[in-house]
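Report on the following structure.
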Amino acid sequence: MKKTFILFGRLMKHILRSPDTILSAMVQPIGMMLMFVYVFGGAVKSSLPDGVNYVNYQLPGILVIAAAYNTSYTAFRMFSDKEKGIFNRFNSMPVNRFSALWAHVLVSVVSSIFTLLMVFAVALIMGFRSGAGIVEWLSVTGILVVMSLALTWLAVIPGLVARTIEGASFFMFPLIFLPMVSSAFAPTETMPKGLRIFAENQPVTPIVETIRALLSDGQAGSEIWLALAWLAGIMAVSWFFALLAYKHRV
Amino acid sequence: MSEAAVKIKGLKKSFKDNEVLKSVDLEIRKGEIFALLGSNGAGKTTIVNILSTLMKPDGGSAEICGFDVIRNPEKVRRHISLTGQFAAVDGILTGRENIVLMAKLRGIKNSAEVADSLLERFSLTEAADKRAAIYSGGMTRRLDIAMSLVGNPDVIFLDEPTTGLDPEARIEVWKTVKELSKNGTTILLTTQYLEEAEQLAGRIAILHGGGIIASGTLGELKKLFPPAKKEYIEKQPTLEEIFLSIIGAKKEDDSL
């Protein structure tokens, strides 16, 4: 445990000393949010029920994108530790074999939460308002932490398996694309049928709708269980393959 | 306790269909510098990875200071240190932070003092608080070796320590390795450079075709070959000698 924290401290120094990485992990989703709200927002609003605040509407999708961006840096850091033989160095020392892996996972979740807080802050400036109570906020926090953890385990796999640094961070592109084809930025009713079926049955839709509901009226309904089931499923499968990759590649 | 720091018997390892180690036997005495010589892909790194508990062999046994690498990896890790093929230095941390990190991971309390003395010993004091990413190849390797010395391990594995270094840096690393052995540390060095083995090692083993085909001191290895014929030839300087003398001359010029 203690050694995991020593290694956690090392990776936190990486983040603090290369602010360009954490900045670009924030700039991209925030840029998208500006674009969605100020470029498309006016047009989309006409197909939304009256009185819907579009900043509120699109924020959950941006949170998913921000978490995905963040984990691409996790994959990047894992890849470079593997390539430089840094994992080998730690694992040939009297240090638990999984300490180095857990340090990466913890750092990824912490930096994800930080990135998400920044997105919330910008959204507030742009007019995001929520009447959610403490229980709803705690639920949203819980979902965001679980989502960050699930995406982190997913990112571990390319981080360890990829042969090039580009390959290691390329995996996040589908993750960034997925929220576009969901109810994150526009209602699914206006989409062509095939796309609509996909959009309504992929994991981002229940996650986004749960967060959106919790932040507006607090009525998440059964969507929350679907969202949690997706997240638990993604986490379990990713965790299994991530550990397999760690055992074989490190 | 036996006098062997490393004892390998019948070690086997295959990767899919590729039988890299067929049956390797090796014994390294305490305090010696032992060179494992072999071409690329001969299995030198595989042996080092098995000895440093990173990889499990398919068969055979390996002991370090009396501890089995498969049954007792935790004990083995207390006695060894690995300096891998690529300098495993954290470029974002400073030289000092890299050493302090090693000390903390080994549970050493006075990590700051340990770092100071190692930095001085490896002439890195001046660069100690600069990020390791800007170090030259030779400095990076020195830091790498300094990191391996934290906690005074009994056995150090140096996997191709001079591959990719320029001739000056290589000589720098050679000097460092020679000094290590003075302190009684056992060193297993792998290399593909014949000259490196000749320069540093007390004993040399040649790894080829999945096994050790010859081992012994340089003198013993020379005896394996037919007696030298006497021939008179003009001694030409090697390119390395030329390079170093020109560089040396240039340095003197610079200092004028």
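Following the order of the structure tokens, first chain is A, next is B, and so on, with residues numbered from 1 inside each chain and ligands from 1 in the order they appear.
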Would you list the contacts of Thr186 of chain B as a list in words, taking every protein, DNA or RNA residue within 9 Å and counting only C-alpha atoms, but skipping same-chain residues closer than 3 positions in sequence?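 The residues that qualify are Ala5, Val6, Ile28, Arg29, Lys30, Gly31, Glu32, Ile33, Phe34, Pro153, Asp154, Val155, Ile156, Phe157, Leu180 and Ser181 of chain B.
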Only C-alpha atoms, please: the residues just picked out, written as an mmCIF file, in the first residue's frame.
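Ended up saving to out03.cif:
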```
data_model
loop_
_atom_site.group_PDB
_atom_site.id
_atom_site.type_symbol
_atom_site.label_atom_id
_atom_site.label_comp_id
_atom_site.auth_asym_id
_atom_site.auth_seq_id
_atom_site.Cartn_x
_atom_site.Cartn_y
_atom_site.Cartn_z
ATOM 1 C CA ALA B 5 26.104 -15.634 -6.103
ATOM 2 C CA VAL B 6 24.192 -16.974 -9.093
ATOM 3 C CA ILE B 28 28.830 -16.847 -10.939
ATOM 4 C CA ARG B 29 31.049 -16.447 -7.889
ATOM 5 C CA LYS B 30 30.545 -13.765 -5.302
ATOM 6 C CA GLY B 31 32.280 -10.509 -6.142
ATOM 7 C CA GLU B 32 33.234 -11.227 -9.721
ATOM 8 C CA ILE B 33 32.319 -9.475 -12.939
ATOM 9 C CA PHE B 34 30.907 -12.088 -15.235
ATOM 10 C CA PRO B 153 22.287 -5.080 -3.633
ATOM 11 C CA ASP B 154 24.562 -8.140 -3.676
ATOM 12 C CA VAL B 155 24.084 -8.897 -7.343
ATOM 13 C CA ILE B 156 23.669 -6.389 -10.137
ATOM 14 C CA PHE B 157 22.488 -7.263 -13.620
ATOM 15 C CA LEU B 180 31.633 -1.248 -8.603
ATOM 16 C CA SER B 181 33.495 -4.517 -8.513
#
```
Near Gly9 of chain A, within 10 Å and counting only C-alpha atoms, which residues show up once chain neighbours fewer than 6 positions away are dropped, as a compact mmCIF listing (two decimals) with N, CA and C atoms, in the first residue's frame?
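File written: around-v1.txt
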```
# COMPACT_ATOMS: atom_id res chain seq x y z
N LYS A 3 3.88 1.62 -0.77
CA LYS A 3 4.68 1.76 -1.99
C LYS A 3 3.82 2.18 -3.18
N ALA A 103 -0.93 2.38 -9.09
CA ALA A 103 -0.53 3.79 -9.05
C ALA A 103 -1.03 4.49 -10.31
N VAL A 107 -3.90 7.50 -10.28
CA VAL A 107 -3.57 8.80 -10.86
C VAL A 107 -4.55 9.16 -11.97
N LEU B 101 13.50 8.12 -5.09
CA LEU B 101 12.38 7.20 -5.35
C LEU B 101 12.79 5.75 -5.10
```
Go ahead and compute the interatomic distance for atom CA of Asp81 of chain A and atom CA of Pro161 of chain B, in Å to one decimal.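 Separating atom CA of Asp81 of chain A from atom CA of Pro161 of chain B is a distance of 18.8 Å.
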Which residues of chain B are close to chain A, meaning at most 9 Å apart when you count only C-alpha atoms, and how do they look as number ranges by chain? B: 49, 52-54, 73-90, 92-93, 101-102, 104-107, 148
Between A:Phe114, A:Trp230, A:Phe173, A:Phe185, which is the closest to Tyr54 of chain A once you count only C-alpha atoms?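 Of the candidates, the smallest distance to Tyr54 of chain A is held by A:Phe185.
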Quick check for you: according to DSSP on this backbone, which residues of segment 58-230 of chain B are classed as alpha helix (DSSP H)? Reply as a CSV table (one decimal) with C-alpha atoms, in the first residue's frame.
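Now in result22.csv:
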```csv
chain,number,residue,atom,x,y,z
B,73,PRO,CA,11.0,-14.2,-5.7
B,74,GLU,CA,10.5,-11.7,-2.8
B,75,LYS,CA,13.8,-12.8,-1.2
B,76,VAL,CA,15.6,-12.7,-4.5
B,77,ARG,CA,14.4,-9.1,-5.1
B,78,ARG,CA,16.0,-8.0,-1.9
B,79,HIS,CA,19.4,-9.1,-3.2
B,95,GLY,CA,18.4,12.9,-11.0
B,96,ARG,CA,18.1,13.2,-7.3
B,97,GLU,CA,14.4,12.4,-7.3
B,98,ASN,CA,15.1,9.3,-9.3
B,99,ILE,CA,17.5,8.0,-6.6
B,100,VAL,CA,15.3,9.1,-3.7
B,101,LEU,CA,12.4,7.2,-5.4
B,102,MET,CA,14.5,4.0,-5.4
B,103,ALA,CA,15.5,4.5,-1.8
B,104,LYS,CA,11.9,5.0,-0.7
B,105,LEU,CA,10.7,1.9,-2.6
B,111,SER,CA,17.0,8.5,1.4
B,112,ALA,CA,18.4,12.1,1.1
B,113,GLU,CA,21.8,11.1,2.3
B,114,VAL,CA,21.9,8.0,0.2
B,115,ALA,CA,21.0,10.2,-2.8
B,116,ASP,CA,23.7,12.8,-2.0
B,117,SER,CA,26.5,10.2,-1.7
B,118,LEU,CA,25.5,8.3,-4.9
B,119,LEU,CA,25.2,11.5,-6.9
B,120,GLU,CA,28.7,12.5,-5.8
B,121,ARG,CA,30.1,9.1,-6.5
B,137,GLY,CA,23.5,9.3,-22.9
B,138,GLY,CA,26.5,8.6,-20.6
B,139,MET,CA,25.0,10.6,-17.8
B,140,THR,CA,21.7,8.8,-18.1
B,141,ARG,CA,23.4,5.5,-17.9
B,142,ARG,CA,25.4,6.6,-14.8
B,143,LEU,CA,22.2,7.7,-13.1
B,144,ASP,CA,20.7,4.4,-14.1
B,145,ILE,CA,23.5,2.5,-12.5
B,146,ALA,CA,23.5,4.8,-9.5
B,147,MET,CA,19.7,4.0,-9.0
B,148,SER,CA,20.6,0.3,-9.1
B,149,LEU,CA,23.1,0.7,-6.3
B,167,PRO,CA,32.6,5.7,-27.5
B,168,GLU,CA,33.4,8.3,-24.9
B,169,ALA,CA,30.3,7.5,-22.9
B,170,ARG,CA,31.1,3.8,-23.2
B,171,ILE,CA,34.5,4.3,-21.6
B,172,GLU,CA,32.8,6.4,-18.9
B,173,VAL,CA,30.4,3.5,-18.1
B,174,TRP,CA,33.3,1.0,-18.1
B,175,LYS,CA,35.1,3.0,-15.5
B,176,THR,CA,32.0,3.0,-13.4
B,177,VAL,CA,31.6,-0.8,-13.7
B,178,LYS,CA,35.2,-1.4,-12.8
B,179,GLU,CA,34.8,0.6,-9.6
B,180,LEU,CA,31.6,-1.2,-8.6
B,181,SER,CA,33.5,-4.5,-8.5
B,182,LYS,CA,36.0,-3.1,-6.1
B,194,LEU,CA,33.7,-8.6,-27.5
B,195,GLU,CA,35.9,-5.7,-26.4
B,196,GLU,CA,33.6,-4.9,-23.5
B,197,ALA,CA,33.8,-8.4,-22.1
B,198,GLU,CA,37.5,-8.3,-22.5
B,199,GLN,CA,37.8,-5.0,-20.7
B,200,LEU,CA,35.6,-5.7,-17.8
B,218,LEU,CA,39.9,-14.7,-21.2
B,219,GLY,CA,43.1,-16.8,-20.9
B,220,GLU,CA,41.2,-20.0,-20.7
B,221,LEU,CA,39.1,-19.1,-23.7
B,222,LYS,CA,42.2,-18.2,-25.7
B,223,LYS,CA,43.6,-21.7,-25.0
```
Using DSSP assignments from the backbone, pull out every residue in segment 73-114 of chain B that falls under strand (DSSP E or B) and give it to me as a compact mmCIF listing (two decimals) with C-alpha atoms, in the first residue's frame.
```txt
# COMPACT_ATOMS: atom_id res chain seq x y z
CA ILE B 80 19.39 -7.98 -6.75
CA SER B 81 19.17 -4.92 -8.87
CA LEU B 82 18.37 -4.71 -12.55
CA THR B 83 19.81 -2.19 -14.96
CA THR B 94 15.38 15.06 -11.52
```
Distance atom CA of Leu244 of chain B-atom CA of Leu165 of chain B, one decimal place?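 Between atom CA of Leu244 of chain B and atom CA of Leu165 of chain B the gap is 14.0 Å.
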Set the distance at 12 Å and use only C-alpha atoms: which residues neighbour Met172 of chain A once local chain neighbours fewer than 4 positions away are removed? I'd like the list as a list in words.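 After dropping sequence-adjacent residues, the list is Ala25, Val64, Ile65, Ala66, Ala67, Ala68, Tyr69, Asn70, Thr71, Ser72, Tyr73, Thr74, Ala75, Phe76, Leu151, Thr152, Leu154, Ala155, Val156, Ile157, Pro158, Gly159, Glu166, Gly167, Ala168, Ile176, Phe177, Leu178 and Pro179 of chain A.
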Kindly give the distance, in Å, that separates atom CA of Ala127 of chain B and atom CA of Ile187 of chain B, rounded to a single decimal. 26.6 Å
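Ranking A:Gly51, A:Ser46, A:Phe40, A:Val145 by their shortest atom-to-atom distance to Leu116 of chain A, with only C-alpha atoms included, puts A:Val145 first.
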Would you kindly return, as an MDAnalysis selection string, each protein, DNA or RNA residue with an atom no farther than 10 Å from any atom of Gly209 of chain B, considering only C-alpha atoms and excluding same-chain residues fewer than 2 positions away? chainID B and resid 19:23 38 41:43 206:207 211:213
Using only C-alpha atoms, which of the listed residues (A:Val44, A:Thr21, A:Leu16, A:Leu144) sits closest to Pro187 of chain A?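 Smallest distance to Pro187 of chain A is found for A:Val44.
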For Ala184 of chain A, list every protein, DNA or RNA residue within 9 Å, evaluated using only C-alpha atoms, and leave out those in the same chain fewer than 6 positions away; present the list as a VMD selection string. chain A and resid 57 to 62 204 to 205 208 to 209
Segment 190-195 of chain A: which residues within 9 Å, counting only C-alpha atoms, same-chain residues fewer than 5 positions away excluded, as a ChimeraX atom specification? /A:47,181-182,200
Residues as selected, C-alpha atoms, written as a compact mmCIF listing (two decimals), in the first residue's frame, can you do that?
```txt
# COMPACT_ATOMS: atom_id res chain seq x y z
CA SER A 47 -36.29 20.25 -31.20
CA VAL A 181 -24.21 9.15 -31.69
CA SER A 182 -26.26 9.14 -28.53
CA GLU A 200 -30.73 4.28 -27.94
```
